[in-house]
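Text of the file query12.txt, holding compact mmCIF, C-alpha atoms:
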```
# COMPACT_ATOMS: atom_id res chain seq x y z
CA MET A 22 11.25 6.30 1.43
CA SER A 23 13.91 6.57 4.09
CA GLY A 24 12.19 9.15 6.29
CA ALA A 25 11.23 11.65 3.59
CA ARG A 26 7.60 12.67 3.41
CA LEU A 27 5.31 15.14 1.73
CA GLU A 28 2.53 16.90 3.62
CA ARG A 29 -0.05 19.51 2.73
CA GLY A 30 -0.51 22.19 5.37
CA GLU A 31 -3.77 23.91 6.23
CA ASP A 32 -2.41 26.97 4.43
CA GLY A 33 -2.29 25.00 1.14
CA ARG A 34 1.50 24.72 1.02
CA LEU A 35 3.25 21.48 0.30
CA ARG A 36 5.83 20.69 2.97
CA LEU A 37 8.76 18.37 2.44
CA ARG A 38 10.49 16.76 5.41
CA GLY A 39 13.63 14.66 5.58
CA PRO A 40 16.27 14.06 2.93
CA LEU A 41 15.41 15.06 -0.63
CA ASP A 42 17.90 13.10 -2.67
CA PHE A 43 18.37 10.28 -5.15
CA GLY A 44 17.17 7.75 -2.57
CA THR A 45 13.85 9.50 -1.88
CA ALA A 46 12.99 11.50 -5.01
CA ALA A 47 11.57 8.56 -6.96
CA ALA A 48 9.15 7.67 -4.17
CA LEU A 49 8.06 11.28 -3.64
CA TRP A 50 7.66 12.09 -7.34
CA PRO A 51 4.21 10.55 -8.04
CA GLU A 52 2.81 11.73 -4.71
CA GLY A 53 3.85 15.31 -5.45
CA LEU A 54 2.54 15.20 -9.02
CA ALA A 55 -0.82 13.98 -7.76
CA ALA A 56 -0.98 16.72 -5.11
CA VAL A 57 -0.14 19.42 -7.64
CA ALA A 58 -2.67 18.12 -10.18
CA ARG A 59 -5.39 17.67 -7.57
CA GLU A 60 -5.08 20.89 -5.59
CA GLY A 61 -2.46 23.07 -7.22
CA VAL A 62 0.56 24.52 -5.47
CA THR A 63 1.53 28.07 -4.79
CA GLU A 64 4.41 27.36 -2.43
CA ILE A 65 6.62 24.44 -1.39
CA ASP A 66 8.07 24.70 2.11
CA LEU A 67 11.59 23.23 2.22
CA SER A 68 12.50 24.34 5.75
CA ALA A 69 12.45 20.76 7.08
CA VAL A 70 14.55 19.27 4.25
CA GLU A 71 17.71 17.87 5.82
CA ARG A 72 19.76 17.66 2.63
CA THR A 73 19.30 17.56 -1.12
CA ASP A 74 21.17 16.68 -4.29
CA SER A 75 20.53 17.09 -8.01
CA ALA A 76 17.72 14.51 -7.93
CA GLY A 77 15.90 16.64 -5.35
CA VAL A 78 16.32 19.76 -7.45
CA ALA A 79 15.06 17.90 -10.53
CA LEU A 80 12.03 16.71 -8.56
CA LEU A 81 11.13 20.25 -7.54
CA LEU A 82 11.52 21.53 -11.08
CA ASP A 83 9.28 18.76 -12.39
CA TRP A 84 6.55 19.53 -9.87
CA THR A 85 6.55 23.21 -10.75
```

File written out as structure tokens:
Amino acid sequence: MSGARLERGEDGRLRLRGPLDFGTAAALWPEGLAAVAREGVTEIDLSAVERTDSAGVALLLDWT
């Protein structure tokens, strides 16, 4: 996954860290879908995302 990871904070937010791009989106996709289905999401914190591309944007749209 090249350093990208998904975490759930105590406040219920999903937090993404690292690069959110073509190289990491495929690995993050099922993990995010499971988190959204299991617990729901009201907010996704992107403050620790180093960079993104269209694959990262598509991933976020799919999750929401």

Protein and nucleic acid residues near (16.7, 7.6, -1.7) (cut-off 10 Å, all atoms listed in the file) as a tab-separated table (two decimals) with C-alpha atoms, keeping the file's coordinate frame:
```tsv
chain	number	residue	atom	x	y	z
A	22	MET	CA	11.25	6.30	1.43
A	23	SER	CA	13.91	6.57	4.09
A	24	GLY	CA	12.19	9.15	6.29
A	25	ALA	CA	11.23	11.65	3.59
A	40	PRO	CA	16.27	14.06	2.93
A	41	LEU	CA	15.41	15.06	-0.63
A	42	ASP	CA	17.90	13.10	-2.67
A	43	PHE	CA	18.37	10.28	-5.15
A	44	GLY	CA	17.17	7.75	-2.57
A	45	THR	CA	13.85	9.50	-1.88
A	46	ALA	CA	12.99	11.50	-5.01
A	47	ALA	CA	11.57	8.56	-6.96
A	48	ALA	CA	9.15	7.67	-4.17
A	49	LEU	CA	8.06	11.28	-3.64
A	76	ALA	CA	17.72	14.51	-7.93
A	77	GLY	CA	15.90	16.64	-5.35
```

Any idea what's packed within 12 Å of range 67-69 of chain A, counting all atoms listed in the file, ignoring anything in its chain fewer than 3 positions away? Could you give it as a list in words?
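Once the nearby chain positions are removed, what remains is Gly24, Ala25, Arg26, Leu27, Glu28, Arg34, Leu35, Arg36, Leu37, Arg38, Gly39, Pro40, Leu41, Glu64, Arg72, Thr73, Gly77, Val78 and Leu81 of chain A.
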
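Pairwise distance (CA of Leu82 in chain A, CA of Val62 in chain A) equals 12.7 Å.
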
Correct to one decimal, the distance CA of Gly61 in chain A-CA of Leu80 in chain A is 15.9 Å

Show me, as JSON, the centre and edge lengths in Å to one decimal of the axis-aligned box that covers every listed atom of range 26-32 of chain A with 5 Å on each side.
```
{"center_x": 1.9, "center_y": 19.8, "center_z": 4.0, "size_x": 21.4, "size_y": 24.3, "size_z": 14.5}
```

At what distance in Å, to one decimal, does CA of Gly33 in chain A lie from CA of Arg59 in chain A?
11.8 Å

Residues within 10 Å of Trp84 in chain A, please, as number ranges by chain. Count all atoms listed in the file; anything in the same chain fewer than 3 positions from it doesn't count.
A: 50-51, 53-58, 62, 65, 79-81
